[in-house]
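Visitor: my_file21.txt is the file, holding compact mmCIF, C-alpha atoms:
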```txt
# COMPACT_ATOMS: atom_id res chain seq x y z
CA MET A 1 4.12 75.41 -24.83
CA ASN A 2 0.52 76.63 -25.02
CA ARG A 3 -2.54 75.18 -23.32
CA LYS A 4 -3.71 73.44 -26.53
CA THR A 5 -0.40 71.58 -26.91
CA LEU A 6 -0.48 70.54 -23.26
CA GLY A 7 -3.98 69.13 -23.73
CA ILE A 8 -2.90 67.12 -26.77
CA LEU A 9 0.10 65.72 -24.90
CA ALA A 10 -2.06 64.82 -21.89
CA GLY A 11 -4.51 63.07 -24.20
CA LEU A 12 -1.73 61.09 -25.91
CA THR A 13 -0.30 60.13 -22.53
CA ALA A 14 -3.69 58.84 -21.37
CA VAL A 15 -4.13 56.82 -24.58
CA LEU A 16 -0.63 55.32 -24.28
CA LEU A 17 -1.17 54.53 -20.59
CA GLY A 18 -4.51 52.89 -21.35
CA SER A 19 -2.97 50.89 -24.17
CA GLY A 20 -0.18 49.75 -21.87
CA VAL A 21 -2.63 48.61 -19.21
CA ALA A 22 -4.74 46.80 -21.82
CA LEU A 23 -1.63 45.16 -23.30
CA LEU A 24 -0.47 44.06 -19.85
CA ALA A 25 -3.91 42.62 -19.06
CA HIS A 26 -3.94 40.88 -22.45
CA ARG A 27 -0.51 39.36 -21.79
CA GLU A 28 -1.57 38.23 -18.30
CA HIS A 29 -4.73 36.69 -19.78
CA GLN A 30 -2.66 34.92 -22.43
CA GLN A 31 -0.27 33.64 -19.78
CA SER A 32 -3.21 32.38 -17.69
CA GLU A 33 -4.36 30.37 -20.71
CA GLN A 34 -1.03 28.65 -21.22
CA PRO A 35 -1.01 24.84 -20.79
CA GLY A 36 0.07 23.85 -17.30
CA THR A 37 -1.18 27.02 -15.60
CA THR A 38 -3.38 26.68 -12.51
CA LEU A 39 -7.01 27.56 -13.09
CA PHE A 40 -7.50 29.22 -9.68
CA PRO A 41 -4.02 30.30 -8.49
CA ASP A 42 -5.44 32.62 -5.82
CA LEU A 43 -7.64 29.91 -4.30
CA VAL A 44 -4.63 28.07 -2.88
CA SER A 45 -3.78 30.88 -0.46
CA SER A 46 -7.43 31.08 0.64
CA LEU A 47 -7.92 27.35 1.13
CA ASP A 48 -8.00 27.50 4.94
CA ALA A 49 -10.61 30.27 4.78
CA VAL A 50 -13.06 28.30 2.59
CA SER A 51 -16.37 28.14 4.49
CA GLU A 52 -18.87 26.97 1.89
CA ILE A 53 -19.08 24.92 -1.31
CA ARG A 54 -22.21 24.97 -3.45
CA MET A 55 -23.02 22.51 -6.26
CA SER A 56 -26.14 22.87 -8.39
CA LYS A 57 -27.67 21.75 -11.66
CA GLY A 58 -30.37 23.20 -13.86
CA ASP A 59 -32.82 20.46 -12.84
CA GLY A 60 -32.93 21.88 -9.30
CA SER A 61 -30.66 19.34 -7.60
CA ARG A 62 -28.39 21.05 -5.13
CA THR A 63 -25.91 20.34 -2.34
CA THR A 64 -24.47 22.92 0.03
CA LEU A 65 -21.43 22.02 2.13
CA LYS A 66 -20.78 24.37 5.02
CA LYS A 67 -17.87 24.47 7.45
CA GLU A 68 -19.06 24.78 11.02
CA ASN A 69 -17.06 24.36 14.24
CA GLY A 70 -14.17 22.85 12.30
CA GLY A 71 -16.30 20.23 10.53
CA TRP A 72 -18.31 20.08 7.31
CA THR A 73 -22.09 19.69 7.14
CA VAL A 74 -24.47 18.84 4.28
CA VAL A 75 -26.83 21.75 4.89
CA GLU A 76 -29.87 20.28 3.14
CA ARG A 77 -29.65 17.10 5.23
CA GLN A 78 -28.35 18.73 8.42
CA TYR A 79 -25.90 15.85 8.70
CA PRO A 80 -22.09 15.73 8.83
CA ALA A 81 -20.36 15.59 5.46
CA ASP A 82 -17.65 13.10 4.55
CA PRO A 83 -14.48 15.12 5.31
CA ALA A 84 -12.34 13.02 2.97
CA ARG A 85 -14.61 13.72 -0.03
CA VAL A 86 -14.75 17.45 0.75
CA ARG A 87 -10.97 17.60 1.04
CA GLU A 88 -10.57 15.69 -2.23
CA LEU A 89 -12.86 18.20 -3.98
CA LEU A 90 -11.01 21.24 -2.64
CA LEU A 91 -7.58 19.82 -3.49
CA GLY A 92 -8.82 18.94 -6.97
CA LEU A 93 -10.07 22.48 -7.58
CA THR A 94 -6.95 24.18 -6.22
CA GLY A 95 -4.69 21.88 -8.22
CA MET A 96 -6.71 22.07 -11.45
CA LYS A 97 -4.46 22.88 -14.42
CA LEU A 98 -5.17 23.86 -17.99
CA ILE A 99 -4.37 21.31 -20.70
CA GLU A 100 -5.67 23.34 -23.61
CA ALA A 101 -8.27 25.97 -24.48
CA LYS A 102 -11.47 24.78 -26.12
CA THR A 103 -14.47 26.29 -27.89
CA SER A 104 -15.60 29.86 -27.31
CA ASP A 105 -18.77 29.38 -29.38
CA PRO A 106 -21.87 29.12 -27.14
CA ALA A 107 -23.46 26.93 -29.80
CA ASN A 108 -20.87 24.25 -29.00
CA TYR A 109 -20.99 24.48 -25.19
CA ALA A 110 -23.55 21.68 -24.80
CA ARG A 111 -21.30 19.28 -26.68
CA LEU A 112 -18.74 19.64 -23.88
CA GLY A 113 -21.36 20.00 -21.13
CA VAL A 114 -20.26 23.54 -20.21
CA GLU A 115 -23.46 25.41 -21.06
CA ALA A 116 -25.07 27.56 -18.37
CA PRO A 117 -26.79 25.27 -15.83
CA ASP A 118 -30.09 27.13 -16.08
CA SER A 119 -32.36 24.48 -17.62
CA ALA A 120 -33.46 20.97 -16.68
CA THR A 121 -31.77 19.56 -19.78
CA ALA A 122 -28.36 21.17 -19.14
CA GLY A 123 -25.63 18.62 -18.49
CA SER A 124 -23.40 21.04 -16.61
CA THR A 125 -22.90 21.55 -12.88
CA LEU A 126 -22.11 24.89 -11.26
CA VAL A 127 -19.59 24.75 -8.42
CA GLU A 128 -19.06 27.79 -6.19
CA VAL A 129 -16.31 27.92 -3.57
CA VAL A 130 -16.74 30.66 -0.96
CA ALA A 131 -14.00 32.10 1.27
CA GLY A 132 -14.84 35.33 3.07
CA ALA A 133 -16.29 37.83 0.61
CA ARG A 134 -14.78 36.03 -2.42
CA THR A 135 -16.45 33.37 -4.55
CA TRP A 136 -14.76 31.16 -7.16
CA PRO A 137 -17.38 29.82 -9.61
CA LEU A 138 -16.80 27.09 -12.19
CA ILE A 139 -19.06 25.32 -14.67
CA VAL A 140 -18.06 21.65 -14.77
CA GLY A 141 -18.89 19.65 -17.88
CA ARG A 142 -18.23 16.23 -19.30
CA GLY A 143 -15.25 14.06 -18.54
CA ALA A 144 -12.69 13.47 -21.27
CA GLU A 145 -10.21 10.66 -21.71
CA GLY A 146 -7.99 9.82 -18.76
CA ARG A 147 -8.11 12.20 -15.78
CA SER A 148 -9.26 15.27 -17.69
CA MET A 149 -12.58 17.10 -18.00
CA TYR A 150 -14.16 20.14 -19.68
CA VAL A 151 -14.88 23.29 -17.68
CA ARG A 152 -15.71 26.95 -18.18
CA ARG A 153 -15.60 29.91 -15.85
CA PRO A 154 -19.01 31.65 -16.11
CA ALA A 155 -17.41 35.01 -16.95
CA ASP A 156 -15.31 33.50 -19.76
CA LYS A 157 -16.40 32.68 -23.27
CA ALA A 158 -13.63 30.12 -23.78
CA SER A 159 -14.02 26.67 -22.31
CA ALA A 160 -11.04 24.53 -21.36
CA LEU A 161 -9.79 20.99 -20.99
CA VAL A 162 -8.30 20.60 -17.50
CA GLU A 163 -6.98 18.00 -15.11
CA PRO A 164 -7.59 16.40 -12.68
CA THR A 165 -11.26 15.50 -12.79
CA VAL A 166 -13.35 16.32 -9.72
CA SER A 167 -16.61 14.78 -8.50
CA VAL A 168 -19.29 17.47 -8.29
CA ASP A 169 -22.47 15.38 -8.24
CA PRO A 170 -25.04 17.48 -6.31
CA ASP A 171 -26.82 14.36 -5.01
CA GLN A 172 -26.84 15.14 -1.28
CA LYS A 173 -26.55 11.57 -0.05
CA ARG A 174 -23.23 11.21 -1.88
CA TRP A 175 -21.70 13.83 0.40
CA VAL A 176 -22.88 12.71 3.85
CA ASP A 177 -20.45 10.84 6.08
CA ARG A 178 -21.92 7.38 5.54
CA GLN A 179 -19.88 5.41 8.04
CA LEU A 180 -21.97 4.74 11.12
CA THR A 181 -19.64 2.44 13.07
CA ASP A 182 -16.44 0.50 12.59
CA ILE A 183 -16.29 -1.83 15.58
CA ARG A 184 -14.20 -5.00 15.41
CA GLY A 185 -16.15 -8.19 15.97
CA ASP A 186 -13.76 -9.49 18.63
CA THR A 187 -14.55 -6.49 20.87
CA VAL A 188 -18.24 -7.42 21.10
CA HIS A 189 -19.20 -8.92 24.46
CA ASP A 190 -22.80 -9.83 23.75
CA ILE A 191 -25.63 -9.48 21.22
CA SER A 192 -29.28 -9.80 22.18
CA VAL A 193 -31.79 -10.07 19.33
CA THR A 194 -35.59 -9.89 19.47
CA PRO A 195 -36.97 -10.36 15.95
CA ALA A 196 -40.38 -9.02 15.00
CA SER A 197 -41.39 -12.65 14.54
CA GLY A 198 -39.65 -15.69 15.97
CA PRO A 199 -37.86 -16.41 19.25
CA ALA A 200 -35.37 -14.07 20.92
CA TYR A 201 -31.81 -15.20 21.66
CA LEU A 202 -28.47 -14.11 23.10
CA LEU A 203 -24.90 -14.44 21.84
CA ALA A 204 -22.16 -13.79 24.40
CA ARG A 205 -18.50 -14.21 25.31
CA ALA A 206 -17.47 -14.78 28.92
CA LYS A 207 -14.28 -12.71 28.74
CA ARG A 208 -11.97 -10.71 26.52
CA GLY A 209 -9.89 -12.73 24.12
CA GLU A 210 -12.44 -15.50 23.63
CA THR A 211 -12.84 -16.24 19.96
CA ASP A 212 -16.31 -17.74 19.90
CA LEU A 213 -19.72 -16.44 20.90
CA ALA A 214 -22.03 -18.85 22.72
CA LEU A 215 -25.68 -19.11 21.69
CA SER A 216 -28.54 -19.36 24.19
CA PRO A 217 -31.15 -20.66 24.51
CA ILE A 218 -30.72 -23.62 22.18
CA PRO A 219 -34.05 -25.21 21.26
CA LYS A 220 -34.46 -28.81 22.40
CA GLY A 221 -33.18 -31.29 19.88
CA ARG A 222 -31.27 -28.68 17.88
CA THR A 223 -27.54 -28.01 17.43
CA PRO A 224 -25.87 -24.60 17.01
CA ALA A 225 -24.45 -23.83 13.60
CA SER A 226 -20.72 -23.55 13.01
CA HIS A 227 -18.72 -21.04 15.05
CA MET A 228 -18.01 -19.20 11.81
CA ALA A 229 -21.72 -18.63 11.20
CA ILE A 230 -22.36 -17.50 14.77
CA ASN A 231 -19.27 -15.32 15.19
CA GLY A 232 -20.00 -13.56 11.91
CA GLN A 233 -22.89 -11.72 13.53
CA ALA A 234 -20.45 -9.79 15.72
CA ASP A 235 -18.85 -8.37 12.56
CA ALA A 236 -22.04 -6.49 11.63
CA LEU A 237 -20.70 -3.30 13.24
CA SER A 238 -17.45 -3.46 11.27
CA ALA A 239 -17.34 -1.04 8.32
CA PHE A 240 -21.04 -0.32 8.86
CA ASN A 241 -21.89 2.13 6.10
CA PHE A 242 -25.42 3.30 5.33
CA ASP A 243 -26.97 4.32 2.00
CA ASP A 244 -29.01 7.33 3.10
CA VAL A 245 -30.37 9.10 6.17
CA ARG A 246 -33.72 10.70 6.96
CA ALA A 247 -35.77 11.97 9.90
CA ALA A 248 -37.39 9.16 11.87
CA PRO A 249 -41.13 8.86 11.06
CA ALA A 250 -43.49 10.52 13.52
CA THR A 251 -45.41 7.25 13.88
CA ALA A 252 -43.31 4.21 14.75
CA PRO A 253 -43.77 1.13 12.56
CA ALA A 254 -46.20 -1.45 13.94
CA SER A 255 -43.64 -4.24 13.81
CA VAL A 256 -39.90 -3.83 14.37
CA ASP A 257 -36.82 -6.00 14.80
CA ARG A 258 -34.61 -5.23 17.81
CA ALA A 259 -30.95 -5.94 18.51
CA THR A 260 -28.50 -4.66 21.14
CA TYR A 261 -24.73 -4.92 20.75
CA ARG A 262 -22.52 -4.36 23.82
CA THR A 263 -18.73 -4.17 23.68
CA PHE A 264 -16.20 -5.06 26.38
CA ASP A 265 -15.29 -1.38 26.77
CA GLY A 266 -18.91 -0.44 27.57
CA GLN A 267 -20.25 0.84 24.26
CA VAL A 268 -23.93 -0.01 23.76
CA PHE A 269 -25.70 0.10 20.37
CA GLU A 270 -29.47 -0.46 20.41
CA PHE A 271 -30.97 -1.01 16.95
CA THR A 272 -34.59 -1.03 15.88
CA GLY A 273 -35.31 -1.90 12.27
CA HIS A 274 -38.06 -2.37 9.74
CA LYS A 275 -38.43 -2.86 6.01
CA GLU A 276 -40.35 -0.84 3.47
CA SER A 277 -40.80 -2.71 0.21
CA ASP A 278 -37.25 -3.50 -0.95
CA LYS A 279 -35.55 -1.06 1.46
CA ALA A 280 -34.37 -1.55 5.03
CA PHE A 281 -34.16 1.12 7.74
CA VAL A 282 -32.61 1.16 11.20
CA ALA A 283 -32.63 3.64 14.06
CA VAL A 284 -29.84 3.43 16.62
CA THR A 285 -29.49 4.63 20.18
CA VAL A 286 -25.91 4.81 21.46
CA SER A 287 -24.87 4.93 25.09
CA ARG A 288 -22.05 3.98 27.44
CA ASP A 289 -22.22 1.37 30.21
CA PRO A 290 -19.40 2.07 32.73
CA ALA A 291 -20.31 -0.97 34.85
CA LEU A 292 -19.82 -3.28 31.87
CA ALA A 293 -16.47 -1.68 31.02
CA ALA A 294 -15.36 -2.05 34.65
CA GLN A 295 -16.01 -5.82 34.50
CA PHE A 296 -13.57 -6.26 31.63
CA PRO A 297 -10.56 -3.95 32.09
CA GLU A 298 -7.94 -4.14 29.39
CA ALA A 299 -4.90 -6.18 30.35
CA ALA A 300 -1.93 -4.04 31.37
CA ALA A 301 1.15 -4.35 29.18
CA GLU A 302 3.82 -6.59 30.69
CA LYS A 303 6.92 -4.80 32.00
CA PRO A 304 10.36 -6.12 30.93
CA ALA A 305 12.60 -7.65 33.58
CA ALA A 306 14.99 -5.20 35.24
CA ASP A 307 18.12 -7.02 34.00
CA ALA A 308 16.80 -7.72 30.54
CA LYS A 309 18.68 -5.97 27.80
CA PRO A 310 16.46 -4.26 25.25
CA ALA A 311 16.70 -5.67 21.78
CA PRO A 312 18.36 -3.37 19.25
CA LEU A 313 15.85 -1.28 17.39
CA PRO A 314 15.65 -1.72 13.62
CA ALA A 315 16.37 1.26 11.44
CA PRO A 316 13.26 3.40 11.13
CA VAL A 317 11.37 2.98 7.89
CA PRO A 318 9.42 6.04 6.78
CA ALA A 319 5.72 5.22 6.54
CA PRO A 320 3.21 6.93 4.30
CA ALA A 321 0.99 9.43 6.04
CA ALA A 322 -2.22 7.73 7.10
CA ALA A 323 -5.58 9.40 7.11
CA LYS A 324 -6.83 10.27 10.58
CA PRO A 325 -9.47 7.70 11.58
CA ALA A 326 -13.02 8.96 11.86
CA ASP A 327 -14.09 9.86 15.39
CA HIS A 328 -17.00 7.56 16.16
CA SER A 329 -17.01 7.95 19.93
CA VAL A 330 -20.19 7.08 21.80
CA GLU A 331 -20.96 10.69 22.67
CA ARG A 332 -20.53 11.90 19.10
CA LEU A 333 -22.65 9.10 17.68
CA ALA A 334 -25.34 9.65 20.30
CA ALA A 335 -25.73 13.25 19.14
CA ARG A 336 -25.46 12.36 15.47
CA THR A 337 -28.09 9.60 15.43
CA LYS A 338 -30.79 11.24 17.54
CA GLY A 339 -34.14 11.52 15.75
CA LEU A 340 -32.85 9.88 12.57
CA GLU A 341 -33.09 6.56 10.82
CA TYR A 342 -30.71 5.13 8.28
CA GLU A 343 -31.35 3.29 5.06
CA VAL A 344 -28.94 0.37 5.09
CA PRO A 345 -28.08 -2.39 2.59
CA LEU A 346 -30.33 -5.41 2.95
CA TYR A 347 -27.37 -7.71 3.63
CA LYS A 348 -26.31 -5.50 6.55
CA TYR A 349 -29.84 -5.48 7.94
CA GLU A 350 -30.00 -9.27 7.77
CA SER A 351 -26.63 -9.59 9.50
CA ILE A 352 -27.87 -7.54 12.48
CA PHE A 353 -31.30 -9.13 12.92
CA LYS A 354 -30.60 -12.76 12.05
CA PRO A 355 -33.45 -15.12 12.96
CA LEU A 356 -32.53 -17.85 15.41
CA GLU A 357 -33.07 -20.49 12.74
CA ASP A 358 -30.07 -19.10 10.82
CA LEU A 359 -27.82 -19.87 13.81
CA LEU A 360 -28.86 -23.51 14.06
CA GLU A 361 -27.90 -26.55 12.06
CA LYS A 362 -30.60 -27.48 9.61
CA LYS A 363 -33.08 -30.06 10.78
CA PRO A 364 -32.43 -33.49 9.30
CA GLU A 365 -34.63 -34.30 6.38
CA PRO A 366 -37.36 -36.83 7.26
CA PRO A 367 -36.74 -40.26 5.70
CA ALA A 368 -38.40 -40.70 2.34
CA LYS A 369 -41.47 -42.89 2.41
CA ALA A 370 -40.99 -46.24 0.70
CA ALA A 371 -42.96 -46.56 -2.51
CA LYS A 372 -45.84 -48.98 -2.36
CA PRO A 373 -45.21 -52.14 -4.40
CA VAL A 374 -47.17 -52.32 -7.60
CA LYS A 375 -49.37 -55.42 -7.84
CA PRO A 376 -48.97 -57.53 -10.95
CA GLY A 377 -51.49 -56.83 -13.65
CA LYS A 378 -51.92 -53.17 -12.72
```
Produce C-alpha cells that represent the structure in this file.

Guide:
Amino acid sequence: MNRKTLGILAGLTAVLLGSGVALLAHREHQQSEQPGTTLFPDLVSSLDAVSEIRMSKGDGSRTTLKKENGGWTVVERQYPADPARVRELLLGLTGMKLIEAKTSDPANYARLGVEAPDSATAGSTLVEVVAGARTWPLIVGRGAEGRSMYVRRPADKASALVEPTVSVDPDQKRWVDRQLTDIRGDTVHDISVTPASGPAYLLARAKRGETDLALSPIPKGRTPASHMAINGQADALSAFNFDDVRAAPATAPASVDRATYRTFDGQVFEFTGHKESDKAFVAVTVSRDPALAAQFPEAAAEKPAADAKPAPLPAPVPAPAAAKPADHSVERLAARTKGLEYEVPLYKYESIFKPLEDLLEKKPEPPAKAAKPVKPGK
C-alpha cells in the first residue's frame, strides 16, 4: 500500500469519524427536543452550587439574587431575599420540561415573547443562573394556557413550550423578604402610643394569659370601646408584611407618630411613622428587655403523678413536611432594620398608631333642638 493510498484512507476515516460525531450530536439534540425531556438536565446536579440568579429586561429593570453566608440577598436593595420565592424559582427551572418545540423564525419571536431582551419594547425576560464557572441562560416569554409558558435558550433558534411556569419579574421589591414580624397578639404585654397629634395612651395586660388589654388614661366622662376593638391593636405585629423598603431619609420628618410594643418574653419594637401623600412609612428599632422577660417567666409544664399510667399513644399519622418558619429573632431584626424605613399598607399603619378616640365609645349625640312653633298666619 503506497503513501497515496494511505492518505486517501486516512482522509476517508476522518470524514466518517466526523460524520459519526455529527450524527451522534444530531441524535442527542433530537432527543433533547423530545416532549417530556428536562430543559436543563445538568442544572439539577449543580443546584447546591448555585450562587447567583440574574433577571433583566430590555427596559433596564433588573434584579440580582446572590447567595451569601447561606442566605439570599437582593443585591440592588442590599436586603434579604424571600427564600421561599428563590427556592420556588430554582425548582421551577430545574424541573422545567419540554411540551413541544415552537417557532424558529426570529420574525415570530415577539409573538411568543421570546425575542432578545435588548430593547425597551421587548416583552421577554432574560434569566441567568450561575453556579461556579457555569451559567445557564434562558429567555422567558409569555405564559400559555394552564401551567405552561414559552421560552428560548439564547443560543438556540427554536423556541419551546414548557412547563411549569416560573415567576421571573425583575421588579426588585417582589423578591425581598417582606415579612417584618409575626408576633401573636396574646404575647404582647403593653403598647404605648404617642400620636403626632392627640393624646398619648397605654394599653397593657397585668400578666400572661390575660385576654384583654386595659386602656389608660381614660378621659373623664368617656367609656372604653369594646374589648374586641382594643385587643385588636395587639394583633398589628401578626403577619406584618411591608410593601417596599428604602434607606431612611437623612432629615427626619417634622412630625411623626410613635408606638412601642413590648412582649412578655422581652422583645421591644419601637416604631416611628409618617405619611407621604397616599403612602405610609415606618422605621423600627428592635431590642431585648431581659428585666421584662424575667418578670413574666413562662409557666413550667406540669409533671404527671408518679403512679399515673400514661395514656396509650395513638398510631402516628404522617404529616406533610412544613416549611421552616422564618427566623425573626430580635438580634436578626435589629441588624436588618437599621438605617431603613418600610413602606407599609395604610391599614397596617392605622392599626399601629390608632388615635385614642378610636379606642373610646362614641360620644352621645346631643339632643336635637325642638323646632319653634309656627304662629298662625305665617

Visitor: Choose the residue, out of A:Pro345, A:Pro217, A:Pro366, A:Pro199, that has the smallest atom-to-atom separation from A:Ala236; count only C-alpha atoms.

Guide: A:Pro345

Visitor: If I take atom CA of A:Ala252 and atom CA of A:Val284, how far is one from the other in Å, to one decimal?

Guide: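 Distance reported for this atom pair: 13.6 Å.
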
Visitor: Given all atoms listed in the file, how would the per-residue table for stretch 217-284 of chain A near stretch 174-191 of chain A read, listing every residue at most 10 Å away with its closest atom pair and distance in Å to one decimal, sorted by chain and number, as JSON lines?

Guide:
```
{"residue": "A:Asn231", "atom": "CA", "partner": "A:Gly185", "partner_atom": "CA", "distance": 7.8}
{"residue": "A:Gly232", "atom": "CA", "partner": "A:Gly185", "partner_atom": "CA", "distance": 7.8}
{"residue": "A:Gln233", "atom": "CA", "partner": "A:Gly185", "partner_atom": "CA", "distance": 8.0}
{"residue": "A:Ala234", "atom": "CA", "partner": "A:Gly185", "partner_atom": "CA", "distance": 4.6}
{"residue": "A:Asp235", "atom": "CA", "partner": "A:Gly185", "partner_atom": "CA", "distance": 4.4}
{"residue": "A:Ala236", "atom": "CA", "partner": "A:Gly185", "partner_atom": "CA", "distance": 7.5}
{"residue": "A:Leu237", "atom": "CA", "partner": "A:Ile183", "partner_atom": "CA", "distance": 5.2}
{"residue": "A:Ser238", "atom": "CA", "partner": "A:Asp182", "partner_atom": "CA", "distance": 4.3}
{"residue": "A:Ala239", "atom": "CA", "partner": "A:Asp182", "partner_atom": "CA", "distance": 4.6}
{"residue": "A:Phe240", "atom": "CA", "partner": "A:Thr181", "partner_atom": "CA", "distance": 5.2}
{"residue": "A:Asn241", "atom": "CA", "partner": "A:Gln179", "partner_atom": "CA", "distance": 4.3}
{"residue": "A:Phe242", "atom": "CA", "partner": "A:Arg178", "partner_atom": "CA", "distance": 5.4}
{"residue": "A:Asp243", "atom": "CA", "partner": "A:Arg178", "partner_atom": "CA", "distance": 6.9}
{"residue": "A:Asp244", "atom": "CA", "partner": "A:Arg178", "partner_atom": "CA", "distance": 7.5}
{"residue": "A:Val245", "atom": "CA", "partner": "A:Val176", "partner_atom": "CA", "distance": 8.6}
{"residue": "A:Ala259", "atom": "CA", "partner": "A:Ile191", "partner_atom": "CA", "distance": 6.9}
{"residue": "A:Thr260", "atom": "CA", "partner": "A:Ile191", "partner_atom": "CA", "distance": 5.6}
{"residue": "A:Tyr261", "atom": "CA", "partner": "A:Ile191", "partner_atom": "CA", "distance": 4.7}
{"residue": "A:Arg262", "atom": "CA", "partner": "A:Asp190", "partner_atom": "CA", "distance": 5.5}
{"residue": "A:Thr263", "atom": "CA", "partner": "A:Val188", "partner_atom": "CA", "distance": 4.2}
{"residue": "A:Phe264", "atom": "CA", "partner": "A:His189", "partner_atom": "CA", "distance": 5.3}
{"residue": "A:Asp265", "atom": "CA", "partner": "A:Thr187", "partner_atom": "CA", "distance": 7.8}
{"residue": "A:Gly266", "atom": "CA", "partner": "A:His189", "partner_atom": "CA", "distance": 9.0}
{"residue": "A:Gln267", "atom": "CA", "partner": "A:Val188", "partner_atom": "CA", "distance": 9.1}
{"residue": "A:Val268", "atom": "CA", "partner": "A:Val188", "partner_atom": "CA", "distance": 9.7}
{"residue": "A:Phe269", "atom": "CA", "partner": "A:Ile191", "partner_atom": "CA", "distance": 9.6}
{"residue": "A:Glu270", "atom": "CA", "partner": "A:Ile191", "partner_atom": "CA", "distance": 9.8}
{"residue": "A:Val284", "atom": "CA", "partner": "A:Leu180", "partner_atom": "CA", "distance": 9.7}
```

Visitor: Go through A:Ala160, A:Met149, A:Ala120, A:Val75 and flag the residue nearest A:Lys102, using all atoms listed in the file for the distances.

Guide: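 Answer, going by the shortest atom-to-atom distance: A:Ala160.
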
Visitor: In Å, how far is it from atom CA of A:Gly146 to atom CA of A:Thr37?

Guide: 18.8 Å

Visitor: Using only C-alpha atoms, determine which residues lie at most 10 Å from stretch 354-357 of chain A, disregarding the query and same-chain residues fewer than 5 positions distant; provide the list as a list of chain:residue names.

Guide: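 The residues satisfying every condition are A:Val193, A:Thr194, A:Pro195, A:Ala196, A:Ser197, A:Gly198, A:Pro199, A:Ala200, A:Tyr201, A:Leu202, A:Leu215, A:Ser216, A:Pro217, A:Ile218, A:Pro219, A:Arg222, A:Pro224, A:Ala225, A:Ile230, A:Gln233, A:Asp257, A:Ala259, A:Tyr349, A:Lys362, A:Lys363.
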
Visitor: Take the selection from the previous step and output its residues with C-alpha atoms, as an mmCIF file, in the frame of the given file.

Guide:
```cif
data_model
loop_
_atom_site.group_PDB
_atom_site.id
_atom_site.type_symbol
_atom_site.label_atom_id
_atom_site.label_comp_id
_atom_site.auth_asym_id
_atom_site.auth_seq_id
_atom_site.Cartn_x
_atom_site.Cartn_y
_atom_site.Cartn_z
ATOM 1 C CA VAL A 193 -31.790 -10.070 19.330
ATOM 2 C CA THR A 194 -35.590 -9.890 19.470
ATOM 3 C CA PRO A 195 -36.970 -10.360 15.950
ATOM 4 C CA ALA A 196 -40.380 -9.020 15.000
ATOM 5 C CA SER A 197 -41.390 -12.650 14.540
ATOM 6 C CA GLY A 198 -39.650 -15.690 15.970
ATOM 7 C CA PRO A 199 -37.860 -16.410 19.250
ATOM 8 C CA ALA A 200 -35.370 -14.070 20.920
ATOM 9 C CA TYR A 201 -31.810 -15.200 21.660
ATOM 10 C CA LEU A 202 -28.470 -14.110 23.100
ATOM 11 C CA LEU A 215 -25.680 -19.110 21.690
ATOM 12 C CA SER A 216 -28.540 -19.360 24.190
ATOM 13 C CA PRO A 217 -31.150 -20.660 24.510
ATOM 14 C CA ILE A 218 -30.720 -23.620 22.180
ATOM 15 C CA PRO A 219 -34.050 -25.210 21.260
ATOM 16 C CA ARG A 222 -31.270 -28.680 17.880
ATOM 17 C CA PRO A 224 -25.870 -24.600 17.010
ATOM 18 C CA ALA A 225 -24.450 -23.830 13.600
ATOM 19 C CA ILE A 230 -22.360 -17.500 14.770
ATOM 20 C CA GLN A 233 -22.890 -11.720 13.530
ATOM 21 C CA ASP A 257 -36.820 -6.000 14.800
ATOM 22 C CA ALA A 259 -30.950 -5.940 18.510
ATOM 23 C CA TYR A 349 -29.840 -5.480 7.940
ATOM 24 C CA LYS A 362 -30.600 -27.480 9.610
ATOM 25 C CA LYS A 363 -33.080 -30.060 10.780
#
```

Visitor: When you draw a straight line from atom CA of A:Glu145 to atom CA of A:Val162, how long is it in Å?

Guide: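 The value is 11.0 Å.
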
Visitor: Write out as a VMD selection string the residues lying within 9 Å of A:Gly71, counting all atoms listed in the file and excluding same-chain residues fewer than 6 positions away.

Guide: chain A and resid 80 to 81 83

Visitor: Counting only C-alpha atoms, which residue out of A:Gln78, A:Thr103, A:Pro170, A:Leu93 sits closest to A:Asp59?

Guide: A:Pro170

Visitor: Considering only C-alpha atoms, return as number ranges by chain whatever protein or nucleic-acid residues lie within 10 Å of A:Arg142, sequence-local ones (same chain, fewer than 5 positions apart) excluded.

Guide: A: 110-114, 123-125, 148-151, 161, 165

Visitor: Go through A:Ser226, A:Ser351, A:Gln172, A:Thr121 and flag the residue nearest A:Thr63, using only C-alpha atoms for the distances.

Guide: A:Gln172

Visitor: Pick out the residues sitting within 9 Å of stretch 335-339 of chain A, and hand them over as number ranges by chain; count all atoms listed in the file, and ignore anything fewer than 5 positions along from it in its own chain.

Guide: A: 79-80, 180, 246-249, 283-286, 330

Visitor: Considering all atoms listed in the file, return as JSON, numbers by chain whatever protein or nucleic-acid residues lie within 10 Å of A:Glu298, sequence-local ones (same chain, fewer than 3 positions apart) excluded.

Guide: {"A": [208, 264, 265, 293, 294, 295, 301]}

Visitor: Output the selection as a PDB file, keeping the file's coordinate frame - C-alpha atoms for each residue.

Guide:
```pdb
ATOM      1  CA  ARG A 208     -11.970 -10.710  26.520  1.00  0.00           C
ATOM      2  CA  PHE A 264     -16.200  -5.060  26.380  1.00  0.00           C
ATOM      3  CA  ASP A 265     -15.290  -1.380  26.770  1.00  0.00           C
ATOM      4  CA  ALA A 293     -16.470  -1.680  31.020  1.00  0.00           C
ATOM      5  CA  ALA A 294     -15.360  -2.050  34.650  1.00  0.00           C
ATOM      6  CA  GLN A 295     -16.010  -5.820  34.500  1.00  0.00           C
ATOM      7  CA  ALA A 301       1.150  -4.350  29.180  1.00  0.00           C
TER       8      ALA A 301
END
```

Visitor: For each of A:Leu138, A:Glu365, A:Met55, A:Val256, take the minimum atom-to-atom distance to A:Glu276, counting only C-alpha atoms, then give the residue where this is smallest.

Guide: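 Smallest distance to A:Glu276 is found for A:Val256.
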
Visitor: Choose the residue, out of A:Arg134, A:Arg62, A:Lys173, A:His227, that has the smallest atom-to-atom separation from A:Glu210; count only C-alpha atoms.

Guide: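 Checking each candidate against A:Glu210, we get A:His227 as the closest.
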
Visitor: Every residue with an atom at most 6 Å from (-19.6, 26.8, -14.0) (file coordinates; all atoms listed in the file) is what I'm after, so could you write them as a ChimeraX atom specification?

Guide: /A:126-127,137-140,152-154
